[in-house]
Amino acid sequence: MNLSGLLSQFLAIMAALLLAPLLTGWVNQWRAWLQNRSGPGLLQPYRMLRKLFIKESVVAESASPLFRMAPYVAFGCMLLSCAIIPTLSTDLPLSPAADAIALVGLFAMARVFMALAAMDIGTAFGSLGARREMLIGFLAEPALLSVLFTASLISQSTALTEIVENLAHRDFVLYPSLAFAGIAFCLVSFAENARVPVDNPTTHLELTMIHEALILEYSGRHLALIEWAISLKLFAYSCIGLALFFPWGIAEAQAPVALILAIPAMLFKLAIGGFLLALIETLCAKMRIFRVPEFLATAFLMAVIGMLTHFLLGS
Amino acid sequence: MIDWVLLVIAAWIGVGVLGIAALRQFKLVARILFPLGGLIGLALAFAALSALPRAPEIAILPIGLPQLPFHLRLDSLSAFFLLIIGAAGAGISVFAAGYFRQGAGTPPGLLCCEYHLFLASMAMVVLADDAYAFMVAWESMALASFFLVTANHKVPEIRDAGFLYLLIAHIGAIAILLCFGVLQANSGDYTFAGMREQSLSPFWASAAFLLALFGFGAKAGMLPLHVWLPEAHPAAPSPVSALMSGVMLKTAIYGLLRVCFDLLHLHLWWWGVTLLALGLATALFGVVFATVQTDMKRLLAYSSIENIGLLLAAIGLGLLFRSYGMNALAALALTACLFHVASHAFFKSLLFLGTGSVLHATSERNLGHLGGLLRYMPWVGWLMLVGVFASSGLPPFSGFVSEWLLLQSFLFTPGLPDPFLNMFIPIVAALIALVAALAGYAMVKFFGIIFLGQPREENLRHAHDAGPWEKAGMLWLAAWCIALGLLPNLMIQFIDPVTRMMVGEGLAKQAAASGWWLLAPTSIERASYGPVFFLLGIIAASTLAFLLVRLFYHGHVRRSAPWDCGHPWQTPRMQDTAEGFGQPIRQIFEPFLRLQRTLPSPADTKPFYKVVLNDHFWHWLYLPISRGIEYLARQVGRLQQGRISIYLLYSFITLLFMLFLVQR
């Protein structure tokens with residue numbers, strides 16, 4: 001552990017904390033433009049967070065401490081996941097603490113806490129949301145793990161920093177296994193981040209909502225933390241995708257100049273990624289909840305096929 | 001050290017005998033004998049701990065038949081399982097001190113006797129060093145647990161469950177006996193030391209392996225032989241279910257490890273594949289059934305089947321590596337297996353004990369009549385939450401470490417020389433990830449329906465929390481779940497001599513090289529996991545968020561009624577029931593399940609909807625067999641007419657036949 005490592009770790013955490021709402025704002029803005037609306041502006045998520053933090057929290061009478069704990073735990077999990085994903089640099093002192101499998105465990109931890117908190121109040125919508133969220137989770141989690149396995153089979157390591165360094169150093173060849181994994185990863189990220197083909201982040205229509213049903217009871221600062229955690233999750237997923245499939249521009253150990261250059265590189269990649277997300281969300285229609293398992297099973301199969309192609313065709 | 005262990009076992013038997021002496025003295029049995037048993041368990045755990053790194057010790061007990069004494073042997077493998085039996089048994093015994101109530105069924109003293117004999121026979125199973133001692137201990141274990149399962153024998157369902165358990169336990173025991181018969185290879189020497197010296201041909205070695213797989217699989221709950229588990233576990237009193245699920249199933253795993261890695265020297269690659277396939281099928285089957293259960297103890301029983309499946313898969317992988325001579329990787333897979341043995345022993349016991357407290361407080365096992373108990377039973381609820389997290393494999397609890405190790409050992413497989421196997425094994429890893437995720441679903445359902453939400457019945461509002469003994473027992477087990485999760489390297493230090501004994505390699509050196517806080521089975525570059533930092537990271541981030549929010553904004557919280565979406569007639573019955581929560585899984589995995597639906601017609605004035613979920617194996621395997629046996633019995637029954645003249649005729653014909661034989 002050295003000074004540059006600490007610096008890059010600190011930078012990664014701060015970048016995630018501050019830029020995550022911006023990414024959400026960017027996606028929403030593009031979505032509005034693509035749908036011929038004028039849009040609320042890039043900074044809307046920050047205004048939203050400020051407003052929610054100022055408002056008082058209304059907590060249901062039947063809520064247990066678990067309910068009030070969950071937003072903090074979810075926020076903590078998401079922040080830690082952003083800290084171990086190589087967003088800017090692969091020189092992260094925290095990264096040995098958690099590898100790719102532990103990262104998925106971290107997401108699962110946040111999900112389980114949110115689902116339990118939703119069931120805590122005892123309303124019909126809470127348990128409906130919890131059930132649907134766990135439904136998505138149990139298919140998305142192994143799919144995400146399989147995607148990460150494909151990358152770690154190529155690079156012979158499950159440590160995220162090693163994977164990224166290894167992938168970034170290879171000659172530019174198209175790995176068929178990574179292509180399948182990439183498709184699977186896209187599908188999983190739509191589901192996990194409650195984006196359009198699976199869920200609509202702006203809906204409050206009872207019959208279709210998944211994620212919103214989960215957090216229906218939250219308000220004030222708890223909701224602000226959850227919204228922030230959701231932004232962080234989107235940021236984390238985007239960064240995993242960028243790190244696995246477009247690892248160029250991420251700084252490596254002992255390279256302060258590269259660290260400074262990594263920031264615009266990341267912003268550029270995230271901007272394009274966000275635009276594509278908005279484009280896909282605009283072009284797709286939301287599917288029925290009964291179709292979601294098929295969608296996710298496809299993702300799972302794609303990820304497994306990715307692993308198989310790795311063995312069939314070699315790396 | 002073996003003398004101390006034997007002394008401890010004798011103390012358990014002594015406590016059991018004291019229980020008989022104090023047959024109906026409820027206070028004495030509950031407050032003194034059970035805690036004493038727990039203390040003895042603790043002593044056993046310490047003795048086993050100090051025996052772990054030592055060289056094997058041998059003892060001969062001159063009991064039993066003349067010329068046929070008990071050969072006993074304490075080596076690392078048995079010491080590790082003794083550690084589990086002692087440590088988990090201690091917590092369960094302390095819980096049992098507060099759990100058993102006076103009531104119908106077996107008198108408390110007898111229950112105490114059976115309970116401690118059960119513990120002692122489990123310890124003897126792992127100590128036995130000849131087939132005779134092993135079978136005696138194995139059978140006493142089965143019998144003691146049978147009587148414990150049927151403690152409440154006035155209920156017909158419980159008697160049925162006990163019978164089924166006994167039946168399958170004995171079919172398994174026959175297979176184990178045959179397996180020992182094959183292993184001694186006509187030498188007539190039934191000691192394990194003698195069996196180790198035999199070198200069997202691949203055919204006979206495979207026969208021994210398959211017999212062991214069948215016999216121990218029946219005890220463990222392997223796929224076609226699992227049917228007794230979901231019947232016997234709910235029938236037994238909760239400490240007994242905890243002991244059976246958390247500890248007894250592990251003796252079957254012990255037997256399998258003993259036969260595969262100690263008594264057999266030959267390892268064929270297809271054994272590993274068979275075990276992997278069976279283990280995976282068991283795990284998937286168990287977890288899918290766990291998610292759709294409505295009885296809390298049945299749900300846990302199916303979850304035990306799932307965990308046994310994972311253990312079998314890990315052993316299979318270890319065998320596969322071993323058969324190709326890749327001992328370091330075999331050690332990794334076996335470490336994953338043994339770690340999961342420990343972690344499952346603690347979290348499953350904890351969960352079963354918790355259901356016992358819930359059962360006492362509410363006298364309700366059906367999930368559909370529970371709910372909101374976290375408010376009325378905070379101790380039980382929060383301790384169970386630890387078990388639930390460990391069981392769903394969430395970091396930084398103990399279940400995650402074993403899952404992590406298992407997945408790591410799967411990711412190392414590309415080294416296998418057979419390209420076809422290479423291809424398959426990552427798929428197995430993906431399926432294991434699916435099983436783990438589904439286990440999370442089942443556990444969220446389990447905890448959420450029992451402890452969260454609003455009470456579904458009015459009488460739940462008067463539920464009381466567990467007593468001090470019960471709390472202490474659960475606290476002990478929960479502490480293990482957390483400690484194993486946070487300090488996995490410590491446990492790996494204990495596992496190291498065991499894998500060294502079985503495959504000649506261990507992980508401890510590498511694990512120690514990277515520091516106590518970091519779990520890195522091969523190298524830090526390859527994979528690492530630091531649970532302490534992981535936990536500190538989450539805590540730091542959460543606390544920071546909490547403090548910053550406190551610092552910059554007011555802490556106002558207003559309590560109010562939950563948001564009812566403009567529909568003011570919400571009742572607790574509108575929450576998801578257990579059926580409702582499991583419905584998506586039921587729909588996705590419908591071919592797995594045998595569903596019988598009764599739908600109401602539109603004209604019904606009192607419509608009701610009924611779903612009966614069953615196991616395919618009952619209809620595909622067990623019912624045909626039982627029908628066949630009944631048919632055979634009827635045919636044989638024709639011989640018995642109940643008239644004395646006919647029986648005299650039989651004797652006469654027999655005599656004639658004998659004379660005919662003698663004449664020739």
# chains A, B, ... in the order shown; residues from 1 in each chain; ligands from 1
>>> interface_residues(of="chain B", to="chain A", cutoff="6 Å", atoms="only C-alpha atoms", output="ChimeraX atom specification")
/B:394-395,423,430,433-434,437-438,441,448,452-454,526-530,533-534,538,541-542,556-562,574-576,581
>>> residues_around(residues="Pro62 (chain B)", least_positions_apart="5", cutoff="12 Å", atoms="only C-alpha atoms", output="list in words")
Gln67, Leu68, Pro69, Phe70, His71, Leu72 and Ala133 of chain B
>>> write_last_selection(atoms="N, CA and C atoms", output="PDB file, in the first residue's frame")
ATOM      1  N   GLN B  67     -12.852 -61.881  20.964  1.00  0.00           N
ATOM      2  CA  GLN B  67     -11.977 -61.879  19.772  1.00  0.00           C
ATOM      3  C   GLN B  67     -12.333 -60.761  18.786  1.00  0.00           C
ATOM      4  N   LEU B  68     -13.269 -59.913  19.165  1.00  0.00           N
ATOM      5  CA  LEU B  68     -13.676 -58.885  18.199  1.00  0.00           C
ATOM      6  C   LEU B  68     -13.822 -57.552  18.931  1.00  0.00           C
ATOM      7  N   PRO B  69     -12.714 -56.977  19.386  1.00  0.00           N
ATOM      8  CA  PRO B  69     -12.823 -55.713  20.135  1.00  0.00           C
ATOM      9  C   PRO B  69     -13.084 -54.528  19.207  1.00  0.00           C
ATOM     10  N   PHE B  70     -13.426 -53.410  19.814  1.00  0.00           N
ATOM     11  CA  PHE B  70     -13.579 -52.166  19.042  1.00  0.00           C
ATOM     12  C   PHE B  70     -12.195 -51.598  18.748  1.00  0.00           C
ATOM     13  N   HIS B  71     -11.870 -51.435  17.482  1.00  0.00           N
ATOM     14  CA  HIS B  71     -10.655 -50.697  17.134  1.00  0.00           C
ATOM     15  C   HIS B  71     -11.048 -49.242  16.932  1.00  0.00           C
ATOM     16  N   LEU B  72     -10.336 -48.355  17.596  1.00  0.00           N
ATOM     17  CA  LEU B  72     -10.641 -46.934  17.438  1.00  0.00           C
ATOM     18  C   LEU B  72      -9.396 -46.207  16.966  1.00  0.00           C
ATOM     19  N   ALA B 133     -17.089 -51.983  14.770  1.00  0.00           N
ATOM     20  CA  ALA B 133     -17.354 -50.819  15.623  1.00  0.00           C
ATOM     21  C   ALA B 133     -18.136 -49.775  14.859  1.00  0.00           C
TER      22      ALA B 133
END
>>> residues_around(residues="Gln29 (chain A)", least_positions_apart="6", cutoff="10 Å", atoms="only C-alpha atoms", output="list in words")
Leu23, Gln35, Arg37, Ser38, Gly39, Pro40, Gly41, Leu42, Leu43, Gln44, Gly274, Phe275 and Ala278 of chain A
>>> closest_residue(among="B:Leu519, B:Leu311, B:Leu28, B:Leu44", to="Leu119 (chain B)", atoms="only C-alpha atoms")
B:Leu44
>>> closest_residue(among="B:Gly246, B:Pro591, B:Gly368, B:Pro602", to="Thr577 (chain B)", atoms="only C-alpha atoms")
B:Gly368
>>> select_by_dssp(residues="region 107-338 of chain B", states="alpha helix (DSSP H)", output="JSON, numbers by chain")
{"B": [108, 109, 110, 111, 112, 113, 114, 115, 116, 117, 118, 119, 120, 121, 122, 123, 124, 125, 126, 127, 131, 132, 133, 134, 135, 136, 137, 138, 139, 140, 141, 142, 143, 144, 145, 146, 147, 148, 149, 156, 157, 158, 159, 160, 161, 162, 163, 164, 165, 166, 167, 168, 169, 170, 171, 172, 173, 174, 175, 176, 177, 178, 179, 180, 181, 182, 183, 192, 193, 194, 195, 196, 197, 202, 203, 204, 205, 206, 207, 208, 209, 210, 211, 212, 213, 214, 215, 216, 217, 218, 219, 220, 228, 229, 230, 231, 232, 233, 234, 235, 238, 239, 240, 241, 242, 243, 249, 250, 251, 252, 253, 254, 255, 256, 257, 269, 270, 271, 272, 273, 274, 275, 276, 277, 278, 279, 280, 281, 282, 283, 284, 285, 286, 287, 288, 289, 290, 291, 296, 297, 298, 299, 300, 301, 302, 303, 304, 305, 306, 307, 308, 309, 310, 311, 312, 313, 314, 315, 316, 317, 318, 319, 320, 321, 322, 323, 327, 328, 329, 330, 331, 332, 333, 334, 335, 336, 337, 338]}
>>> residues_around(residues="Ala285 (chain A)", least_positions_apart="2", cutoff="10 Å", atoms="only C-alpha atoms", output="PyMOL selection string")
chain A and resi 196-200+280-283+287-288
>>> closest_atom_pairs(of="region 255-344 of chain B", to="region 198-201 of chain B", cutoff="10 Å", atoms="only C-alpha atoms", output="JSON lines")
{"residue": "B:Leu263", "atom": "CA", "partner": "B:Gln198", "partner_atom": "CA", "distance": 8.7}
{"residue": "B:Leu264", "atom": "CA", "partner": "B:Ser199", "partner_atom": "CA", "distance": 8.0}
{"residue": "B:His265", "atom": "CA", "partner": "B:Ser199", "partner_atom": "CA", "distance": 7.2}
{"residue": "B:Leu266", "atom": "CA", "partner": "B:Leu200", "partner_atom": "CA", "distance": 7.7}
>>> atom_distance(atom1="CA of Leu34 (chain A)", atom2="CA of Leu279 (chain A)")
7.2 Å
>>> atom_distance(atom1="CA of Gly217 (chain B)", atom2="CA of Leu229 (chain B)")
11.9 Å
>>> closest_residue(among="B:Leu310, B:Leu487, B:Leu595, B:Leu621", to="Ile432 (chain B)", atoms="only C-alpha atoms")
B:Leu310
>>> residues_around(residues="region 155-166 of chain B", least_positions_apart="5", cutoff="10 Å", atoms="only C-alpha atoms", output="list in words")
Gly105, Ala142, Leu143, Ser145, Phe146, Phe147, Leu148, Val149, Thr150, Ile171, Gly172, Ala218, Lys219, His226, Val227, Trp228, Leu229, Pro230, Glu231, Ala232, His233, Pro234, Ala235 and Ala236 of chain B
>>> write_last_selection(atoms="N, CA, C and O atoms", output="compact mmCIF listing (two decimals), in the first residue's frame")
# COMPACT_ATOMS: atom_id res chain seq x y z
N GLY B 105 -45.90 -37.63 25.30
CA GLY B 105 -44.80 -38.26 24.61
C GLY B 105 -43.77 -38.81 25.56
O GLY B 105 -44.04 -39.08 26.73
N ALA B 142 -28.54 -44.39 14.35
CA ALA B 142 -29.83 -44.41 13.65
C ALA B 142 -30.98 -44.67 14.63
O ALA B 142 -32.02 -44.01 14.57
N LEU B 143 -30.75 -45.62 15.55
CA LEU B 143 -31.83 -45.97 16.48
C LEU B 143 -32.11 -44.82 17.44
O LEU B 143 -33.27 -44.46 17.67
N SER B 145 -31.60 -41.70 17.03
CA SER B 145 -32.28 -40.58 16.37
C SER B 145 -33.71 -40.97 16.00
O SER B 145 -34.60 -40.11 16.02
N PHE B 146 -33.93 -42.25 15.72
CA PHE B 146 -35.31 -42.67 15.42
C PHE B 146 -36.20 -42.43 16.63
O PHE B 146 -37.30 -41.89 16.52
N PHE B 147 -35.70 -42.83 17.82
CA PHE B 147 -36.53 -42.62 19.01
C PHE B 147 -36.71 -41.15 19.32
O PHE B 147 -37.75 -40.73 19.83
N LEU B 148 -35.69 -40.36 18.98
CA LEU B 148 -35.83 -38.92 19.21
C LEU B 148 -36.85 -38.30 18.25
O LEU B 148 -37.63 -37.44 18.63
N VAL B 149 -36.82 -38.77 16.99
CA VAL B 149 -37.77 -38.24 16.01
C VAL B 149 -39.20 -38.55 16.47
O VAL B 149 -40.09 -37.71 16.35
N THR B 150 -39.37 -39.75 17.02
CA THR B 150 -40.72 -40.14 17.41
C THR B 150 -41.00 -39.81 18.87
O THR B 150 -41.80 -40.48 19.52
N ILE B 171 -31.78 -49.44 4.88
CA ILE B 171 -31.37 -49.81 3.52
C ILE B 171 -29.96 -49.29 3.27
O ILE B 171 -29.10 -49.98 2.71
N GLY B 172 -29.72 -48.07 3.74
CA GLY B 172 -28.38 -47.50 3.61
C GLY B 172 -27.36 -48.31 4.38
O GLY B 172 -26.26 -48.57 3.88
N ALA B 218 -27.86 -42.36 1.40
CA ALA B 218 -29.17 -42.53 2.03
C ALA B 218 -29.24 -41.76 3.34
O ALA B 218 -30.26 -41.15 3.67
N LYS B 219 -28.14 -41.75 4.07
CA LYS B 219 -28.12 -41.03 5.35
C LYS B 219 -28.05 -39.53 5.12
O LYS B 219 -28.61 -38.74 5.88
N HIS B 226 -33.69 -39.02 -0.70
CA HIS B 226 -33.83 -37.88 0.20
C HIS B 226 -35.18 -37.83 0.90
O HIS B 226 -35.37 -36.99 1.76
N VAL B 227 -36.12 -38.71 0.52
CA VAL B 227 -37.51 -38.50 0.92
C VAL B 227 -37.73 -38.47 2.43
O VAL B 227 -38.69 -37.87 2.90
N TRP B 228 -36.84 -39.10 3.19
CA TRP B 228 -37.08 -39.12 4.63
C TRP B 228 -36.83 -37.78 5.28
O TRP B 228 -37.42 -37.45 6.30
N LEU B 229 -35.92 -36.99 4.67
CA LEU B 229 -35.51 -35.74 5.32
C LEU B 229 -36.67 -34.78 5.56
O LEU B 229 -36.89 -34.35 6.68
N PRO B 230 -37.44 -34.44 4.51
CA PRO B 230 -38.52 -33.48 4.76
C PRO B 230 -39.65 -34.04 5.62
O PRO B 230 -40.49 -33.26 6.07
N GLU B 231 -39.66 -35.34 5.84
CA GLU B 231 -40.68 -35.89 6.76
C GLU B 231 -40.16 -35.91 8.20
O GLU B 231 -40.86 -35.53 9.13
N ALA B 232 -38.91 -36.38 8.36
CA ALA B 232 -38.40 -36.59 9.71
C ALA B 232 -38.05 -35.28 10.41
O ALA B 232 -38.27 -35.14 11.60
N HIS B 233 -37.50 -34.32 9.67
CA HIS B 233 -37.08 -33.08 10.32
C HIS B 233 -38.24 -32.31 10.95
O HIS B 233 -38.12 -31.87 12.09
N PRO B 234 -39.36 -32.14 10.24
CA PRO B 234 -40.46 -31.42 10.90
C PRO B 234 -41.06 -32.21 12.05
O PRO B 234 -41.59 -31.63 13.00
N ALA B 235 -40.97 -33.54 12.00
CA ALA B 235 -41.59 -34.34 13.05
C ALA B 235 -40.81 -34.26 14.35
O ALA B 235 -41.39 -34.28 15.43
N ALA B 236 -39.49 -34.15 14.24
CA ALA B 236 -38.66 -34.21 15.45
C ALA B 236 -38.76 -32.90 16.23
O ALA B 236 -39.07 -31.87 15.67
